[in-house]
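*Asks:* What follows is the file data-v4.cif, containing mmCIF, C-alpha atoms:
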```
data_entry
loop_
_atom_site.group_PDB
_atom_site.id
_atom_site.type_symbol
_atom_site.label_atom_id
_atom_site.label_comp_id
_atom_site.auth_asym_id
_atom_site.auth_seq_id
_atom_site.Cartn_x
_atom_site.Cartn_y
_atom_site.Cartn_z
ATOM 1 C CA MET A 1 10.672 22.423 21.956
ATOM 2 C CA GLN A 2 8.812 19.142 21.853
ATOM 3 C CA ALA A 3 5.945 18.743 19.399
ATOM 4 C CA GLN A 4 2.552 18.229 20.972
ATOM 5 C CA PRO A 5 0.720 15.062 19.923
ATOM 6 C CA GLU A 6 -2.049 15.719 17.464
ATOM 7 C CA ARG A 7 -5.396 15.981 19.212
ATOM 8 C CA PRO A 8 -8.324 14.461 17.369
ATOM 9 C CA SER A 9 -11.174 16.797 16.699
ATOM 10 C CA ALA A 10 -14.147 16.226 18.965
ATOM 11 C CA GLU A 11 -16.263 16.831 15.895
ATOM 12 C CA ALA A 12 -14.177 15.049 13.293
ATOM 13 C CA PRO A 13 -15.873 14.342 9.997
ATOM 14 C CA ARG A 14 -17.466 10.933 9.563
ATOM 15 C CA PRO A 15 -14.712 8.450 8.845
ATOM 16 C CA SER A 16 -14.922 6.852 5.454
ATOM 17 C CA GLY A 17 -15.055 3.099 5.370
ATOM 18 C CA ILE A 18 -16.888 2.840 8.697
ATOM 19 C CA PRO A 19 -20.573 2.159 8.066
ATOM 20 C CA SER A 20 -23.167 3.756 10.280
ATOM 21 C CA PRO A 21 -24.598 1.387 12.859
ATOM 22 C CA ASP A 22 -28.105 0.073 12.283
ATOM 23 C CA ALA A 23 -30.965 0.899 14.667
ATOM 24 C CA ALA A 24 -30.256 -2.043 16.992
ATOM 25 C CA GLN A 25 -26.528 -1.265 17.179
ATOM 26 C CA THR A 26 -27.279 2.397 17.808
ATOM 27 C CA ALA A 27 -29.672 1.487 20.627
ATOM 28 C CA ASP A 28 -27.055 -0.848 22.170
ATOM 29 C CA LEU A 29 -24.392 1.863 21.932
ATOM 30 C CA ILE A 30 -26.622 4.583 23.399
ATOM 31 C CA ARG A 31 -27.659 2.288 26.256
ATOM 32 C CA ALA A 32 -24.036 1.386 27.033
ATOM 33 C CA LEU A 33 -22.796 4.985 26.871
ATOM 34 C CA SER A 34 -25.699 6.175 29.016
ATOM 35 C CA ALA A 35 -24.760 3.598 31.664
ATOM 36 C CA ILE A 36 -21.240 5.085 31.761
ATOM 37 C CA ASP A 37 -22.527 8.670 32.000
ATOM 38 C CA PRO A 38 -25.893 9.944 30.745
ATOM 39 C CA GLY A 39 -24.195 13.113 29.505
ATOM 40 C CA LEU A 40 -22.359 11.074 26.870
ATOM 41 C CA VAL A 41 -25.612 10.728 24.953
ATOM 42 C CA ALA A 42 -27.017 14.231 25.443
ATOM 43 C CA LYS A 43 -26.874 14.436 21.644
ATOM 44 C CA GLU A 44 -27.254 10.894 20.350
ATOM 45 C CA SER A 45 -26.142 11.620 16.790
ATOM 46 C CA ARG A 46 -22.948 13.216 18.107
ATOM 47 C CA ALA A 47 -22.328 10.208 20.375
ATOM 48 C CA VAL A 48 -22.690 7.872 17.379
ATOM 49 C CA ASP A 49 -20.350 10.014 15.234
ATOM 50 C CA ARG A 50 -17.763 9.952 17.994
ATOM 51 C CA ALA A 51 -18.148 6.185 18.318
ATOM 52 C CA ARG A 52 -17.584 5.820 14.589
ATOM 53 C CA ASN A 53 -14.343 7.782 14.981
ATOM 54 C CA VAL A 54 -13.271 5.503 17.850
ATOM 55 C CA CYS A 55 -14.072 2.547 15.602
ATOM 56 C CA SER A 56 -11.984 4.107 12.845
ATOM 57 C CA ASP A 57 -9.016 4.403 15.220
ATOM 58 C CA ILE A 58 -9.368 0.719 16.104
ATOM 59 C CA LYS A 59 -9.736 -0.318 12.480
ATOM 60 C CA ASP A 60 -6.675 1.779 11.562
ATOM 61 C CA GLY A 61 -4.620 -0.308 14.001
ATOM 62 C CA LYS A 62 -3.874 2.439 16.504
ATOM 63 C CA ASP A 63 -2.548 1.127 19.790
ATOM 64 C CA ALA A 64 -4.935 0.794 22.741
ATOM 65 C CA ALA A 65 -3.500 3.793 24.607
ATOM 66 C CA THR A 66 -4.005 6.034 21.562
ATOM 67 C CA VAL A 67 -7.538 4.751 20.980
ATOM 68 C CA GLN A 68 -8.409 5.433 24.618
ATOM 69 C CA ARG A 69 -6.743 8.868 24.651
ATOM 70 C CA ASN A 70 -8.553 9.872 21.450
ATOM 71 C CA ALA A 71 -11.879 8.596 22.823
ATOM 72 C CA LYS A 72 -11.394 10.665 25.951
ATOM 73 C CA THR A 73 -10.667 13.761 23.891
ATOM 74 C CA ARG A 74 -13.729 13.179 21.719
ATOM 75 C CA TYR A 75 -16.197 12.497 24.522
ATOM 76 C CA GLU A 76 -15.070 14.999 27.166
ATOM 77 C CA GLY A 77 -16.618 18.433 27.299
ATOM 78 C CA GLY A 78 -20.087 19.911 27.389
ATOM 79 C CA ALA A 79 -22.359 17.658 29.422
ATOM 80 C CA VAL A 80 -19.345 15.555 30.496
ATOM 81 C CA PRO A 81 -16.586 17.907 31.662
ATOM 82 C CA SER A 82 -14.176 15.088 32.507
ATOM 83 C CA LEU A 83 -13.860 11.329 32.224
ATOM 84 C CA THR A 84 -11.828 8.896 34.279
ATOM 85 C CA ASP A 85 -9.554 6.376 32.614
ATOM 86 C CA ASP A 86 -12.018 3.624 33.617
ATOM 87 C CA GLN A 87 -14.912 5.491 32.008
ATOM 88 C CA THR A 88 -12.888 6.002 28.842
ATOM 89 C CA ALA A 89 -11.943 2.318 28.718
ATOM 90 C CA ASN A 90 -15.635 1.483 29.121
ATOM 91 C CA ILE A 91 -16.486 3.791 26.205
ATOM 92 C CA VAL A 92 -14.012 1.962 23.965
ATOM 93 C CA THR A 93 -15.461 -1.364 25.096
ATOM 94 C CA ALA A 94 -19.002 -0.113 24.419
ATOM 95 C CA VAL A 95 -18.001 0.868 20.883
ATOM 96 C CA LYS A 96 -16.362 -2.494 20.251
ATOM 97 C CA VAL A 97 -19.291 -4.473 21.656
ATOM 98 C CA SER A 98 -21.925 -2.401 19.859
ATOM 99 C CA PHE A 99 -20.180 -2.420 16.483
ATOM 100 C CA VAL A 100 -18.516 -5.841 16.565
ATOM 101 C CA LYS A 101 -21.774 -7.543 15.548
ATOM 102 C CA VAL A 102 -20.874 -6.830 11.938
ATOM 103 C CA SER A 103 -17.115 -6.524 12.406
ATOM 104 C CA PHE A 104 -17.028 -2.738 11.952
ATOM 105 C CA CYS A 105 -14.194 -2.409 14.436
ATOM 106 C CA SER A 106 -12.130 -5.499 13.814
#
```
Before anything else, please render the file you have as structure tokens.

*Replies:*
Amino acid sequence: MQAQPERPSAEAPRPSGIPSPDAAQTADLIRALSAIDPGLVAKESRAVDRARNVCSDIKDGKDAATVQRNAKTRYEGGAVPSLTDDQTANIVTAVKVSFVKVSFCS
């Protein structure tokens, strides 16, 4: 029997070492996520927490496929029942662009 890959929690605790975005970064992130799918920001604080977890994956050096897979797992559900691979890639890009201003995700 093959072990299943560990699925990240959609509601993982805030990652340590990843600062919260400031108001401008939060606004940029919310705007970018809303352009991908308005349901992604139905609960803005949850969207920001999920973005911080995506950032943590990037900062931890996880490969791009893992970062994207984890982002999809975190953001799917509720108001957004499913995401395409393109949407998920755009989420990861939105996180990088929104948080890169102070090198959170690099």

*Asks:* Would you kindly return, as a list of chain:residue names, each protein, DNA or RNA residue with an atom no farther than 12 Å from any atom of A:Thr84, considering all atoms listed in the file and excluding same-chain residues fewer than 5 positions away?

*Replies:*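 With the cut-off at 12 Å, the set is A:Ile36, A:Asp37, A:Gln68, A:Arg69, A:Ala71, A:Lys72, A:Thr73, A:Tyr75, A:Glu76, A:Ala89, A:Asn90, A:Ile91.
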
*Asks:* Can you list what the PyMOL selection byres ((chain A and resi 99) around 12) grabs from this structure, as a short mmCIF file (atom, residue, chain, number, x, y, z; two decimals) with C-alpha atoms, keeping the file's coordinate frame?

*Replies:*
```
data_model
loop_
_atom_site.label_atom_id
_atom_site.label_comp_id
_atom_site.auth_asym_id
_atom_site.auth_seq_id
_atom_site.Cartn_x
_atom_site.Cartn_y
_atom_site.Cartn_z
CA ILE A 18 -16.89 2.84 8.70
CA PRO A 19 -20.57 2.16 8.07
CA SER A 20 -23.17 3.76 10.28
CA PRO A 21 -24.60 1.39 12.86
CA ASP A 22 -28.10 0.07 12.28
CA ALA A 23 -30.96 0.90 14.67
CA ALA A 24 -30.26 -2.04 16.99
CA GLN A 25 -26.53 -1.26 17.18
CA THR A 26 -27.28 2.40 17.81
CA ALA A 27 -29.67 1.49 20.63
CA ASP A 28 -27.06 -0.85 22.17
CA LEU A 29 -24.39 1.86 21.93
CA ILE A 30 -26.62 4.58 23.40
CA ALA A 32 -24.04 1.39 27.03
CA VAL A 48 -22.69 7.87 17.38
CA ALA A 51 -18.15 6.18 18.32
CA ARG A 52 -17.58 5.82 14.59
CA ASN A 53 -14.34 7.78 14.98
CA VAL A 54 -13.27 5.50 17.85
CA CYS A 55 -14.07 2.55 15.60
CA SER A 56 -11.98 4.11 12.84
CA ILE A 58 -9.37 0.72 16.10
CA LYS A 59 -9.74 -0.32 12.48
CA VAL A 92 -14.01 1.96 23.96
CA THR A 93 -15.46 -1.36 25.10
CA ALA A 94 -19.00 -0.11 24.42
CA VAL A 95 -18.00 0.87 20.88
CA LYS A 96 -16.36 -2.49 20.25
CA VAL A 97 -19.29 -4.47 21.66
CA SER A 98 -21.92 -2.40 19.86
CA VAL A 100 -18.52 -5.84 16.57
CA LYS A 101 -21.77 -7.54 15.55
CA VAL A 102 -20.87 -6.83 11.94
CA SER A 103 -17.11 -6.52 12.41
CA PHE A 104 -17.03 -2.74 11.95
CA CYS A 105 -14.19 -2.41 14.44
CA SER A 106 -12.13 -5.50 13.81
#
```

*Asks:* From (-21.6, 10.3, 30.6), in the file's coordinates, out to 10 Å: which residues are reached, counting all atoms listed in the file? Answer as a ChimeraX atom specification.

*Replies:* /A:32-42,75-76,79-83,87-88,91

*Asks:* Between atom CA of A:Ala47 and atom CA of A:Gly77, measure the distance and give it in Å to one decimal.

*Replies:*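 The value is 12.2 Å.
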